[in-house]
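Shown here: run-v2.pdb, PDB, C-alpha atoms (C1' of nucleotides).
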```pdb
ATOM      1  CA  MET A 239      48.597  12.691  25.288
ATOM      2  CA  GLY A 240      45.370  10.954  24.266
ATOM      3  CA  TYR A 241      43.055  11.080  21.271
ATOM      4  CA  THR A 242      40.297  13.577  20.503
ATOM      5  CA  ILE A 243      36.760  12.478  19.806
ATOM      6  CA  SER A 244      37.133  12.983  16.055
ATOM      7  CA  GLN A 245      40.346  10.948  15.946
ATOM      8  CA  VAL A 246      38.587   8.100  17.700
ATOM      9  CA  ALA A 247      35.584   8.486  15.415
ATOM     10  CA  LYS A 248      37.787   8.132  12.348
ATOM     11  CA  LYS A 249      39.626   5.137  13.853
ATOM     12  CA  PHE A 250      36.389   3.196  14.420
ATOM     13  CA  ASP A 251      34.427   4.486  11.447
ATOM     14  CA  LEU A 252      31.904   6.188  13.703
ATOM     15  CA  THR A 253      30.914   9.846  13.944
ATOM     16  CA  ALA A 254      31.744  12.100  16.889
ATOM     17  CA  HIS A 255      27.959  12.403  17.339
ATOM     18  CA  THR A 256      27.682   8.648  17.752
ATOM     19  CA  ILE A 257      30.492   8.503  20.287
ATOM     20  CA  ARG A 258      28.858  11.277  22.341
ATOM     21  CA  TYR A 259      25.607   9.333  22.093
ATOM     22  CA  TYR A 260      27.340   6.206  23.428
ATOM     23  CA  ASP A 261      28.805   8.279  26.241
ATOM     24  CA  LYS A 262      25.389   9.699  27.089
ATOM     25  CA  GLU A 263      23.975   6.170  27.139
ATOM     26  CA  GLY A 264      26.573   5.173  29.711
ATOM     27  CA  LEU A 265      28.886   3.123  27.504
ATOM     28  CA  LEU A 266      31.978   5.273  28.102
ATOM     29  CA  PRO A 267      32.078   6.191  31.821
ATOM     30  CA  PHE A 268      35.839   5.690  31.882
ATOM     31  CA  VAL A 269      36.761   8.448  29.413
ATOM     32  CA  ASP A 270      38.690  11.353  30.965
ATOM     33  CA  ARG A 271      38.391  15.053  30.193
ATOM     34  CA  SER A 272      41.017  17.707  29.498
ATOM     35  CA  LYS A 273      41.137  20.933  31.572
ATOM     36  CA  THR A 274      38.860  22.532  29.000
ATOM     37  CA  GLY A 275      36.291  19.763  29.299
ATOM     38  CA  ASN A 276      37.067  17.904  26.079
ATOM     39  CA  ARG A 277      37.051  14.118  26.067
ATOM     40  CA  GLU A 278      40.558  12.634  26.048
ATOM     41  CA  PHE A 279      40.718   9.002  24.977
ATOM     42  CA  SER A 280      43.610   6.797  26.137
ATOM     43  CA  ASP A 281      44.840   3.622  24.450
ATOM     44  CA  ASP A 282      42.978   1.653  27.096
ATOM     45  CA  ASP A 283      39.821   3.559  26.168
ATOM     46  CA  LEU A 284      40.325   2.507  22.555
ATOM     47  CA  ASP A 285      40.359  -1.127  23.703
ATOM     48  CA  TRP A 286      37.061  -0.589  25.492
ATOM     49  CA  ILE A 287      35.571   1.013  22.404
ATOM     50  CA  LYS A 288      36.847  -1.837  20.272
ATOM     51  CA  LEU A 289      34.999  -4.285  22.500
ATOM     52  CA  ILE A 290      31.874  -2.118  22.482
ATOM     53  CA  CYS A 291      31.944  -2.073  18.665
ATOM     54  CA  CYS A 292      32.404  -5.840  18.627
ATOM     55  CA  LEU A 293      29.356  -6.370  20.818
ATOM     56  CA  LYS A 294      27.322  -3.789  18.885
ATOM     57  CA  ASN A 295      28.281  -5.296  15.514
ATOM     58  CA  THR A 296      27.201  -8.737  16.683
ATOM     59  CA  GLY A 297      23.756  -7.404  17.485
ATOM     60  CA  MET A 298      23.937  -6.690  21.200
ATOM     61  CA  PRO A 299      21.574  -3.815  22.114
ATOM     62  CA  ILE A 300      23.120  -0.740  23.667
ATOM     63  CA  ARG A 301      21.394  -1.164  27.022
ATOM     64  CA  GLN A 302      22.897  -4.647  27.378
ATOM     65  CA  ILE A 303      26.359  -3.321  26.532
ATOM     66  CA  LYS A 304      25.737  -0.673  29.187
ATOM     67  CA  GLN A 305      24.808  -3.400  31.656
ATOM     68  CA  TYR A 306      28.109  -5.115  30.890
ATOM     69  CA  ILE A 307      30.099  -1.903  31.414
ATOM     70  CA  GLU A 308      28.338  -1.407  34.738
ATOM     71  CA  TRP A 309      29.252  -4.933  35.790
ATOM     72  CA  CYS A 310      32.862  -4.228  34.870
ATOM     73  CA  LEU A 311      32.868  -1.157  37.116
ATOM     74  CA  LEU A 312      31.611  -3.263  40.027
ATOM     75  CA  GLY A 313      34.793  -5.359  39.976
ATOM     76  CA  ASP A 314      35.471  -9.039  40.614
ATOM     77  CA  GLU A 315      32.092  -9.587  42.218
ATOM     78  CA  THR A 316      30.569  -9.668  38.726
ATOM     79  CA  LEU A 317      33.214 -11.812  37.006
ATOM     80  CA  GLU A 318      31.009 -14.899  36.803
ATOM     81  CA  ILE A 319      27.960 -13.080  35.433
ATOM     82  CA  ARG A 320      30.113 -11.316  32.838
ATOM     83  CA  ARG A 321      31.629 -14.626  31.809
ATOM     84  CA  GLN A 322      28.125 -16.061  31.444
ATOM     85  CA  MET A 323      27.141 -13.092  29.291
ATOM     86  CA  PHE A 324      29.985 -13.865  26.902
ATOM     87  CA  ILE A 325      29.055 -17.563  26.840
ATOM     88  CA  ASP A 326      25.479 -16.649  25.915
ATOM     89  CA  HIS A 327      26.535 -14.035  23.403
ATOM     90  CA  ARG A 328      28.958 -16.456  21.783
ATOM     91  CA  LYS A 329      26.083 -18.876  21.247
ATOM     92  CA  GLU A 330      24.054 -16.071  19.725
ATOM     93  CA  VAL A 331      26.871 -15.190  17.315
ATOM     94  CA  LEU A 332      27.221 -18.844  16.274
ATOM     95  CA  ARG A 333      23.466 -18.866  15.638
ATOM     96  CA  GLN A 334      23.819 -15.782  13.454
ATOM     97  CA  MET A 335      26.609 -17.458  11.485
ATOM     98  CA  GLU A 336      24.458 -20.552  10.950
ATOM     99  CA  ASP A 337      21.538 -18.392   9.815
ATOM    100  CA  LEU A 338      23.761 -16.541   7.365
ATOM    101  CA  LYS A 339      25.061 -19.851   6.013
ATOM    102  CA  GLU A 340      21.492 -21.075   5.443
ATOM    103  CA  ASN A 341      20.455 -17.850   3.779
ATOM    104  CA  LEU A 342      23.569 -17.890   1.595
ATOM    105  CA  LYS A 343      22.475 -21.280   0.293
ATOM    106  CA  MET A 344      19.207 -19.786  -0.877
ATOM    107  CA  ILE A 345      20.935 -16.806  -2.468
ATOM    108  CA  ASP A 346      23.365 -19.122  -4.276
ATOM    109  CA  HIS A 347      20.436 -21.165  -5.515
ATOM    110  CA  LYS A 348      18.645 -18.053  -6.784
ATOM    111  CA  LEU A 349      21.853 -16.886  -8.422
ATOM    112  CA  LYS A 350      22.209 -20.219 -10.200
ATOM    113  CA  CYS A 351      18.694 -19.786 -11.587
ATOM    114  CA  TYR A 352      19.466 -16.263 -12.759
ATOM    115  CA  ASP A 353      22.729 -17.369 -14.363
ATOM    116  CA  LYS A 354      20.698 -19.938 -16.269
ATOM    117  CA  SER A 355      18.009 -17.426 -17.263
ATOM    118  CA  CYS A 356      20.617 -14.920 -18.347
ATOM    119  CA  ASN A 357      22.552 -17.617 -20.245
ATOM    120  CA  ILE A 358      25.707 -17.034 -18.276
ATOM    121  CA  SER A 359      28.295 -19.778 -18.718
ATOM    122  CA  PRO A 360      30.101 -21.194 -15.645
ATOM    123  CA  ASN A 361      33.228 -19.530 -16.975
ATOM    124  CA  THR A 362      31.729 -16.068 -17.133
ATOM    125  CA  LYS A 363      30.211 -16.744 -13.735
ATOM    126  CA  GLN A 364      33.655 -17.084 -12.191
ATOM    127  CA  LEU A 365      34.389 -13.494 -13.088
ATOM    128  CA  HIS A 366      31.847 -12.037 -10.712
ATOM    129  CA  SER A 367      32.579 -14.383  -7.849
ATOM    130  CA  LEU A 368      36.057 -12.930  -7.533
TER     131      LEU A 368
ATOM    132  CA  MET B 130      -7.473 -23.932  -0.593
ATOM    133  CA  GLY B 131      -4.675 -21.626   0.568
ATOM    134  CA  TYR B 132      -3.383 -20.422   3.909
ATOM    135  CA  THR B 133      -4.731 -17.661   6.137
ATOM    136  CA  ILE B 134      -2.559 -14.806   7.304
ATOM    137  CA  SER B 135      -2.139 -16.267  10.788
ATOM    138  CA  GLN B 136      -1.147 -19.669   9.406
ATOM    139  CA  VAL B 137       1.540 -18.000   7.308
ATOM    140  CA  ALA B 138       2.602 -15.892  10.275
ATOM    141  CA  LYS B 139       3.094 -19.003  12.399
ATOM    142  CA  LYS B 140       4.994 -20.767   9.600
ATOM    143  CA  PHE B 141       7.521 -17.938   9.252
ATOM    144  CA  ASP B 142       7.623 -16.843  12.873
ATOM    145  CA  LEU B 143       6.169 -13.454  12.013
ATOM    146  CA  THR B 144       2.980 -11.792  13.241
ATOM    147  CA  ALA B 145      -0.097 -11.180  11.087
ATOM    148  CA  HIS B 146       0.560  -7.482  11.742
ATOM    149  CA  THR B 147       4.008  -7.782  10.207
ATOM    150  CA  ILE B 148       2.709  -9.590   7.128
ATOM    151  CA  ARG B 149       0.075  -6.886   6.580
ATOM    152  CA  TYR B 150       2.827  -4.312   6.996
ATOM    153  CA  TYR B 151       4.907  -6.070   4.321
ATOM    154  CA  ASP B 152       1.852  -6.129   2.067
ATOM    155  CA  LYS B 153       1.253  -2.415   2.637
ATOM    156  CA  GLU B 154       4.897  -1.747   1.797
ATOM    157  CA  GLY B 155       4.458  -3.489  -1.549
ATOM    158  CA  LEU B 156       6.282  -6.741  -0.795
ATOM    159  CA  LEU B 157       3.295  -9.021  -1.428
ATOM    160  CA  PRO B 158       1.452  -7.722  -4.535
ATOM    161  CA  PHE B 159       0.864 -11.307  -5.708
ATOM    162  CA  VAL B 160      -1.303 -12.439  -2.783
ATOM    163  CA  ASP B 161      -4.941 -13.172  -3.736
ATOM    164  CA  ARG B 162      -8.075 -12.447  -1.732
ATOM    165  CA  SER B 163     -11.095 -14.621  -0.907
ATOM    166  CA  LYS B 164     -14.653 -13.445  -1.733
ATOM    167  CA  THR B 165     -14.829 -11.912   1.727
ATOM    168  CA  GLY B 166     -11.630  -9.934   1.173
ATOM    169  CA  ASN B 167      -9.284 -12.054   3.288
ATOM    170  CA  ARG B 168      -5.775 -12.750   2.062
ATOM    171  CA  GLU B 169      -5.366 -16.272   0.706
ATOM    172  CA  PHE B 170      -1.761 -17.454   0.442
ATOM    173  CA  SER B 171      -0.813 -20.156  -2.073
ATOM    174  CA  ASP B 172       2.229 -22.433  -1.885
ATOM    175  CA  ASP B 173       3.875 -20.223  -4.475
ATOM    176  CA  ASP B 174       3.216 -17.237  -2.215
ATOM    177  CA  LEU B 175       4.989 -19.081   0.605
ATOM    178  CA  ASP B 176       8.049 -19.414  -1.630
ATOM    179  CA  TRP B 177       7.989 -15.678  -2.252
ATOM    180  CA  ILE B 178       7.718 -14.987   1.456
ATOM    181  CA  LYS B 179      10.552 -17.400   2.153
ATOM    182  CA  LEU B 180      12.756 -15.408  -0.217
ATOM    183  CA  ILE B 181      11.607 -12.117   1.293
ATOM    184  CA  CYS B 182      12.532 -13.405   4.765
ATOM    185  CA  CYS B 183      15.906 -14.544   3.461
ATOM    186  CA  LEU B 184      16.666 -11.100   2.067
ATOM    187  CA  LYS B 185      15.329  -9.375   5.181
ATOM    188  CA  ASN B 186      17.332 -11.639   7.511
ATOM    189  CA  THR B 187      20.516 -10.898   5.602
ATOM    190  CA  GLY B 188      20.014  -7.191   6.162
ATOM    191  CA  MET B 189      18.362  -6.023   2.969
ATOM    192  CA  PRO B 190      16.122  -2.999   3.689
ATOM    193  CA  ILE B 191      12.437  -3.364   2.896
ATOM    194  CA  ARG B 192      12.435  -0.753   0.138
ATOM    195  CA  GLN B 193      15.158  -2.672  -1.711
ATOM    196  CA  ILE B 194      13.198  -5.916  -1.397
ATOM    197  CA  LYS B 195      10.236  -3.969  -2.776
ATOM    198  CA  GLN B 196      12.371  -2.814  -5.679
ATOM    199  CA  TYR B 197      13.254  -6.446  -6.381
ATOM    200  CA  ILE B 198       9.592  -7.537  -6.313
ATOM    201  CA  GLU B 199       8.759  -4.722  -8.737
ATOM    202  CA  TRP B 200      11.526  -5.879 -11.086
ATOM    203  CA  CYS B 201      10.106  -9.407 -10.930
ATOM    204  CA  LEU B 202       6.685  -8.112 -11.967
ATOM    205  CA  LEU B 203       8.215  -6.388 -14.995
ATOM    206  CA  GLY B 204       9.334  -9.752 -16.432
ATOM    207  CA  ASP B 205      12.380 -10.840 -18.397
ATOM    208  CA  GLU B 206      13.394  -7.292 -19.180
ATOM    209  CA  THR B 207      14.792  -7.024 -15.639
ATOM    210  CA  LEU B 208      16.495 -10.439 -15.437
ATOM    211  CA  GLU B 209      20.005  -9.024 -15.713
ATOM    212  CA  ILE B 210      19.498  -6.310 -13.097
ATOM    213  CA  ARG B 211      17.946  -8.816 -10.691
ATOM    214  CA  ARG B 212      20.863 -11.161 -11.211
ATOM    215  CA  GLN B 213      23.250  -8.296 -10.477
ATOM    216  CA  MET B 214      21.323  -7.540  -7.292
ATOM    217  CA  PHE B 215      21.886 -11.098  -6.094
ATOM    218  CA  ILE B 216      25.563 -10.934  -7.013
ATOM    219  CA  ASP B 217      25.932  -7.752  -4.967
ATOM    220  CA  HIS B 218      23.874  -9.054  -2.087
ATOM    221  CA  ARG B 219      25.856 -12.291  -2.018
ATOM    222  CA  LYS B 220      29.030 -10.247  -1.599
ATOM    223  CA  GLU B 221      27.384  -8.346   1.230
ATOM    224  CA  VAL B 222      26.415 -11.591   2.991
ATOM    225  CA  LEU B 223      29.976 -12.921   2.658
ATOM    226  CA  ARG B 224      31.191  -9.670   4.186
ATOM    227  CA  GLN B 225      28.796 -10.118   7.096
ATOM    228  CA  MET B 226      30.093 -13.662   7.632
ATOM    229  CA  GLU B 227      33.681 -12.421   7.653
ATOM    230  CA  ASP B 228      32.769  -9.691  10.139
ATOM    231  CA  LEU B 229      31.085 -12.217  12.413
ATOM    232  CA  LYS B 230      34.122 -14.463  12.216
ATOM    233  CA  GLU B 231      36.398 -11.579  13.238
ATOM    234  CA  ASN B 232      34.123 -10.563  16.089
ATOM    235  CA  LEU B 233      33.858 -14.158  17.260
ATOM    236  CA  LYS B 234      37.633 -14.206  17.618
ATOM    237  CA  MET B 235      37.447 -11.286  20.012
ATOM    238  CA  ILE B 236      34.600 -12.865  21.978
ATOM    239  CA  ASP B 237      36.553 -16.119  22.253
ATOM    240  CA  HIS B 238      39.566 -14.195  23.476
ATOM    241  CA  LYS B 239      37.494 -12.381  26.104
ATOM    242  CA  LEU B 240      35.966 -15.667  27.158
ATOM    243  CA  LYS B 241      39.395 -17.191  27.584
ATOM    244  CA  CYS B 242      40.305 -14.310  29.894
ATOM    245  CA  TYR B 243      37.119 -14.759  31.902
ATOM    246  CA  ASP B 244      37.666 -18.504  32.178
ATOM    247  CA  LYS B 245      41.098 -17.726  33.585
ATOM    248  CA  SER B 246      39.737 -15.091  36.006
ATOM    249  CA  CYS B 247      36.987 -17.426  37.146
ATOM    250  CA  ASN B 248      39.465 -20.320  37.504
ATOM    251  CA  ILE B 249      37.576 -22.487  35.082
ATOM    252  CA  SER B 250      39.555 -25.521  33.903
ATOM    253  CA  PRO B 251      39.670 -26.387  30.184
ATOM    254  CA  ASN B 252      37.569 -29.441  31.021
ATOM    255  CA  THR B 253      34.800 -27.483  32.646
ATOM    256  CA  LYS B 254      35.030 -25.058  29.775
ATOM    257  CA  GLN B 255      34.021 -27.738  27.316
ATOM    258  CA  LEU B 256      30.698 -28.099  29.055
ATOM    259  CA  HIS B 257      29.445 -24.704  28.056
ATOM    260  CA  SER B 258      30.709 -24.848  24.509
ATOM    261  CA  LEU B 259      28.324 -27.695  23.773
TER     262      LEU B 259
ATOM    263  C1'  DA C   9     -29.451 -14.752  17.880
ATOM    264  C1'  DT C  10     -25.498 -14.041  19.916
ATOM    265  C1'  DA C  11     -20.853 -14.835  21.235
ATOM    266  C1'  DA C  12     -16.176 -16.314  19.841
ATOM    267  C1'  DA C  13     -12.686 -16.286  16.789
ATOM    268  C1'  DC C  14     -11.212 -15.227  12.750
ATOM    269  C1'  DC C  15     -10.385 -11.590   9.237
ATOM    270  C1'  DT C  16     -10.247  -6.402   7.325
ATOM    271  C1'  DT C  17      -8.609  -1.213   7.160
ATOM    272  C1'  DA C  18      -6.480   3.304   8.344
ATOM    273  C1'  DG C  19      -3.715   5.290  11.015
ATOM    274  C1'  DA C  20      -1.384   6.204  15.450
ATOM    275  C1'  DG C  21       2.327   4.858  18.552
ATOM    276  C1'  DT C  22       6.786   2.675  19.865
ATOM    277  C1'  DC C  23      11.546   1.368  19.893
ATOM    278  C1'  DT C  24      16.314   1.611  18.630
ATOM    279  C1'  DA C  25      19.979   3.872  17.157
ATOM    280  C1'  DC C  26      21.392   7.339  15.596
ATOM    281  C1'  DT C  27      21.719  12.259  13.462
ATOM    282  C1'  DC C  28      21.399  16.862  13.661
ATOM    283  C1'  DT C  29      20.801  21.726  15.488
ATOM    284  C1'  DA C  30      21.589  25.636  18.294
ATOM    285  C1'  DA C  31      24.195  28.000  21.258
ATOM    286  C1'  DG C  32      28.308  28.334  23.275
ATOM    287  C1'  DT C  33      33.651  27.589  24.814
ATOM    288  C1'  DC C  34      38.428  27.438  23.755
ATOM    289  C1'  DA C  35      43.095  27.487  21.321
ATOM    290  C1'  DA C  36      45.731  28.584  17.368
ATOM    291  C1'  DG C  37      46.902  31.266  13.360
ATOM    292  C1'  DT C  38      47.083  35.990  10.703
TER     293       DT C  38
ATOM    294  C1'  DA D 132      41.566  41.452  17.562
ATOM    295  C1'  DC D 133      39.328  38.234  15.165
ATOM    296  C1'  DT D 134      38.405  34.275  12.370
ATOM    297  C1'  DT D 135      38.676  29.337  11.922
ATOM    298  C1'  DG D 136      37.975  25.018  13.471
ATOM    299  C1'  DA D 137      38.166  22.118  17.051
ATOM    300  C1'  DC D 138      35.353  20.867  20.991
ATOM    301  C1'  DT D 139      31.043  21.127  24.484
ATOM    302  C1'  DT D 140      25.832  20.543  25.918
ATOM    303  C1'  DA D 141      20.771  19.750  25.790
ATOM    304  C1'  DG D 142      17.497  18.441  23.291
ATOM    305  C1'  DA D 143      14.863  17.927  18.919
ATOM    306  C1'  DG D 144      14.326  15.247  14.702
ATOM    307  C1'  DT D 145      14.727  11.152  11.676
ATOM    308  C1'  DA D 146      14.629   6.390   9.664
ATOM    309  C1'  DG D 147      13.395   1.817   9.723
ATOM    310  C1'  DA D 148      10.713  -1.741  11.139
ATOM    311  C1'  DC D 149       7.489  -2.920  13.332
ATOM    312  C1'  DT D 150       3.345  -2.984  16.799
ATOM    313  C1'  DC D 151      -0.896  -1.812  18.232
ATOM    314  C1'  DT D 152      -5.698   0.259  18.333
ATOM    315  C1'  DA D 153     -10.280   1.148  16.879
ATOM    316  C1'  DA D 154     -13.977   0.074  14.326
ATOM    317  C1'  DG D 155     -15.989  -3.080  11.712
ATOM    318  C1'  DG D 156     -17.127  -7.559   8.657
ATOM    319  C1'  DT D 157     -17.777 -12.851   8.360
ATOM    320  C1'  DT D 158     -18.095 -17.635   9.811
ATOM    321  C1'  DT D 159     -18.980 -21.123  13.171
ATOM    322  C1'  DA D 160     -20.725 -23.110  17.406
ATOM    323  C1'  DT D 161     -24.235 -23.115  21.078
TER     324       DT D 161
END
```
As structure tokens:
Amino acid sequence: MGYTISQVAKKFDLTAHTIRYYDKEGLLPFVDRSKTGNREFSDDDLDWIKLICCLKNTGMPIRQIKQYIEWCLLGDETLEIRRQMFIDHRKEVLRQMEDLKENLKMIDHKLKCYDKSCNISPNTKQLHSL
Amino acid sequence: MGYTISQVAKKFDLTAHTIRYYDKEGLLPFVDRSKTGNREFSDDDLDWIKLICCLKNTGMPIRQIKQYIEWCLLGDETLEIRRQMFIDHRKEVLRQMEDLKENLKMIDHKLKCYDKSCNISPNTKQLHSL
DNA sequence: ATAAACCTTAGAGTCTACTCTAAGTCAAGT
DNA sequence: ACTTGACTTAGAGTAGACTCTAAGGTTTAT
């Protein structure tokens, strides 16, 4: 049967506008159309979109995601370069996690200062960390 | 003595343009000027900028950072609201870390598939995870 | 004294990623 | 038959965060 654009939008917390934008940018060349020209998303398509969202949410720019999709369409010839892309991107994500950890330290430090200034006891403090 | 704008830029891996932009947006109302009108950054100013970068790098929009700076200028009256801001932002950072962790899982899974497709042995694989 | 290397401002331009609008097609319900 | 509510397109507009330009001031070295 397949899913409509608004069903997919809801599933991935996107808008139909955004999905059409991704399609226009070349991120969804695999999506089929119904006789009336409407996009019809298969379960496989949902997997692609899931991966696209993963890459997007880890900071990969749309044109690089497009590059990846293009490599996928080219077949086995591009397996090694795609693998390398994931190796590099993995490193980048680990870097982001490290950065967040560092920044969290500073926020926790600031919060400790504010708890002191506001005369919040450690006990009360536990309430808002839940 | 104090630091010049380009010294501060280098220190925080920003450009002088960006620092002036932050100033124009109201993020640096505390920075003094020399007799000739140049910005002169103190060590205290560097601490402020460090915090601003921390908030910016954890996804806080500039106008919210500006709001925070304004609250700071108002004094103790705003202590509680500033503390609440940090509590909320901390939650947001934890959420980002969770999201990254989830996305990393998917990237690792993809990578495993690519290692298989490229006939990479687990031993060889260890090389690129270093 | 004049060039180099800083700094200043206002304001224009750019990039990314949407976000929306207008005009239109199609299928289903009353 | 006609309204409602999906969907379609091309293309314009927006938001955020820079990024750069032009025109000019000051300090330092030759």
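For the atom pair formed by atom CA of Leu266 of chain A and atom CA of Ile290 of chain A, the distance is 9.3 Å, given to one decimal.
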Convert the output of the PyMOL selection byres ((chain C and resi 30) around 10) on the shown file into explicit residues, formatted as a ChimeraX atom specification. /C:28-29,31-32 /D:141-142
Counting all atoms listed in the file, a student should be able to say which residues of chain A come within 12 Å of chain C; what is the right answer, written as a PyMOL selection string? chain A and resi 252-260+263+272-276+294+297-301
Could you write those residues out with C-alpha atoms, as a PDB file, in the frame of the given file?
```pdb
ATOM      1  CA  LEU A 252      31.904   6.188  13.703  1.00  0.00           C
ATOM      2  CA  THR A 253      30.914   9.846  13.944  1.00  0.00           C
ATOM      3  CA  ALA A 254      31.744  12.100  16.889  1.00  0.00           C
ATOM      4  CA  HIS A 255      27.959  12.403  17.339  1.00  0.00           C
ATOM      5  CA  THR A 256      27.682   8.648  17.752  1.00  0.00           C
ATOM      6  CA  ILE A 257      30.492   8.503  20.287  1.00  0.00           C
ATOM      7  CA  ARG A 258      28.858  11.277  22.341  1.00  0.00           C
ATOM      8  CA  TYR A 259      25.607   9.333  22.093  1.00  0.00           C
ATOM      9  CA  TYR A 260      27.340   6.206  23.428  1.00  0.00           C
ATOM     10  CA  GLU A 263      23.975   6.170  27.139  1.00  0.00           C
ATOM     11  CA  SER A 272      41.017  17.707  29.498  1.00  0.00           C
ATOM     12  CA  LYS A 273      41.137  20.933  31.572  1.00  0.00           C
ATOM     13  CA  THR A 274      38.860  22.532  29.000  1.00  0.00           C
ATOM     14  CA  GLY A 275      36.291  19.763  29.299  1.00  0.00           C
ATOM     15  CA  ASN A 276      37.067  17.904  26.079  1.00  0.00           C
ATOM     16  CA  LYS A 294      27.322  -3.789  18.885  1.00  0.00           C
ATOM     17  CA  GLY A 297      23.756  -7.404  17.485  1.00  0.00           C
ATOM     18  CA  MET A 298      23.937  -6.690  21.200  1.00  0.00           C
ATOM     19  CA  PRO A 299      21.574  -3.815  22.114  1.00  0.00           C
ATOM     20  CA  ILE A 300      23.120  -0.740  23.667  1.00  0.00           C
ATOM     21  CA  ARG A 301      21.394  -1.164  27.022  1.00  0.00           C
TER      22      ARG A 301
END
```
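Proximity ranking of A:Lys343, A:Lys249, A:Arg271, A:Lys329 relative to chain D places A:Arg271 first, based on only C-alpha atoms (C1' of nucleotides).
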For atom CA of Asp244 of chain B and atom CA of Asn232 of chain B, determine how far apart the two atoms are, in Å to one decimal place. 18.3 Å
Write a file for segment 288-301 of chain A of the given structure; include N, CA, C and O atoms and format it as a PDB file, in the first residue's frame.
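Once everything was written out, this is out.pdb:
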```
ATOM      1  N   LYS A 288      14.920   7.221   7.877  1.00  0.00           N
ATOM      2  CA  LYS A 288      15.451   7.094   9.233  1.00  0.00           C
ATOM      3  C   LYS A 288      16.949   7.381   9.248  1.00  0.00           C
ATOM      4  O   LYS A 288      17.452   8.105  10.115  1.00  0.00           O
ATOM      5  N   LEU A 289      17.642   6.822   8.256  1.00  0.00           N
ATOM      6  CA  LEU A 289      19.089   7.052   8.170  1.00  0.00           C
ATOM      7  C   LEU A 289      19.387   8.523   7.861  1.00  0.00           C
ATOM      8  O   LEU A 289      20.286   9.126   8.448  1.00  0.00           O
ATOM      9  N   ILE A 290      18.611   9.088   6.953  1.00  0.00           N
ATOM     10  CA  ILE A 290      18.788  10.504   6.601  1.00  0.00           C
ATOM     11  C   ILE A 290      18.612  11.375   7.847  1.00  0.00           C
ATOM     12  O   ILE A 290      19.404  12.291   8.098  1.00  0.00           O
ATOM     13  N   CYS A 291      17.593  11.091   8.642  1.00  0.00           N
ATOM     14  CA  CYS A 291      17.356  11.852   9.874  1.00  0.00           C
ATOM     15  C   CYS A 291      18.514  11.675  10.855  1.00  0.00           C
ATOM     16  O   CYS A 291      18.942  12.629  11.505  1.00  0.00           O
ATOM     17  N   CYS A 292      19.035  10.457  10.922  1.00  0.00           N
ATOM     18  CA  CYS A 292      20.177  10.189  11.794  1.00  0.00           C
ATOM     19  C   CYS A 292      21.371  11.042  11.399  1.00  0.00           C
ATOM     20  O   CYS A 292      22.006  11.674  12.248  1.00  0.00           O
ATOM     21  N   LEU A 293      21.659  11.064  10.110  1.00  0.00           N
ATOM     22  CA  LEU A 293      22.810  11.852   9.632  1.00  0.00           C
ATOM     23  C   LEU A 293      22.561  13.345   9.838  1.00  0.00           C
ATOM     24  O   LEU A 293      23.433  14.073  10.315  1.00  0.00           O
ATOM     25  N   LYS A 294      21.341  13.782   9.533  1.00  0.00           N
ATOM     26  CA  LYS A 294      20.981  15.197   9.701  1.00  0.00           C
ATOM     27  C   LYS A 294      21.082  15.604  11.172  1.00  0.00           C
ATOM     28  O   LYS A 294      21.647  16.652  11.494  1.00  0.00           O
ATOM     29  N   ASN A 295      20.572  14.751  12.059  1.00  0.00           N
ATOM     30  CA  ASN A 295      20.550  15.085  13.491  1.00  0.00           C
ATOM     31  C   ASN A 295      21.931  15.003  14.144  1.00  0.00           C
ATOM     32  O   ASN A 295      22.100  15.423  15.288  1.00  0.00           O
ATOM     33  N   THR A 296      22.886  14.429  13.431  1.00  0.00           N
ATOM     34  CA  THR A 296      24.256  14.427  13.948  1.00  0.00           C
ATOM     35  C   THR A 296      25.098  15.462  13.208  1.00  0.00           C
ATOM     36  O   THR A 296      26.326  15.400  13.217  1.00  0.00           O
ATOM     37  N   GLY A 297      24.386  16.401  12.558  1.00  0.00           N
ATOM     38  CA  GLY A 297      25.070  17.574  12.018  1.00  0.00           C
ATOM     39  C   GLY A 297      25.591  17.451  10.601  1.00  0.00           C
ATOM     40  O   GLY A 297      26.303  18.342  10.142  1.00  0.00           O
ATOM     41  N   MET A 298      25.252  16.387   9.889  1.00  0.00           N
ATOM     42  CA  MET A 298      25.734  16.303   8.513  1.00  0.00           C
ATOM     43  C   MET A 298      24.913  17.231   7.613  1.00  0.00           C
ATOM     44  O   MET A 298      23.684  17.184   7.647  1.00  0.00           O
ATOM     45  N   PRO A 299      25.584  18.093   6.816  1.00  0.00           N
ATOM     46  CA  PRO A 299      24.836  18.993   5.935  1.00  0.00           C
ATOM     47  C   PRO A 299      24.118  18.208   4.847  1.00  0.00           C
ATOM     48  O   PRO A 299      24.571  17.127   4.448  1.00  0.00           O
ATOM     49  N   ILE A 300      23.021  18.795   4.376  1.00  0.00           N
ATOM     50  CA  ILE A 300      22.181  18.128   3.394  1.00  0.00           C
ATOM     51  C   ILE A 300      22.919  17.749   2.124  1.00  0.00           C
ATOM     52  O   ILE A 300      22.708  16.674   1.570  1.00  0.00           O
ATOM     53  N   ARG A 301      23.828  18.603   1.676  1.00  0.00           N
ATOM     54  CA  ARG A 301      24.526  18.256   0.412  1.00  0.00           C
ATOM     55  C   ARG A 301      25.462  17.062   0.590  1.00  0.00           C
ATOM     56  O   ARG A 301      25.729  16.338  -0.359  1.00  0.00           O
TER      57      ARG A 301
END
```
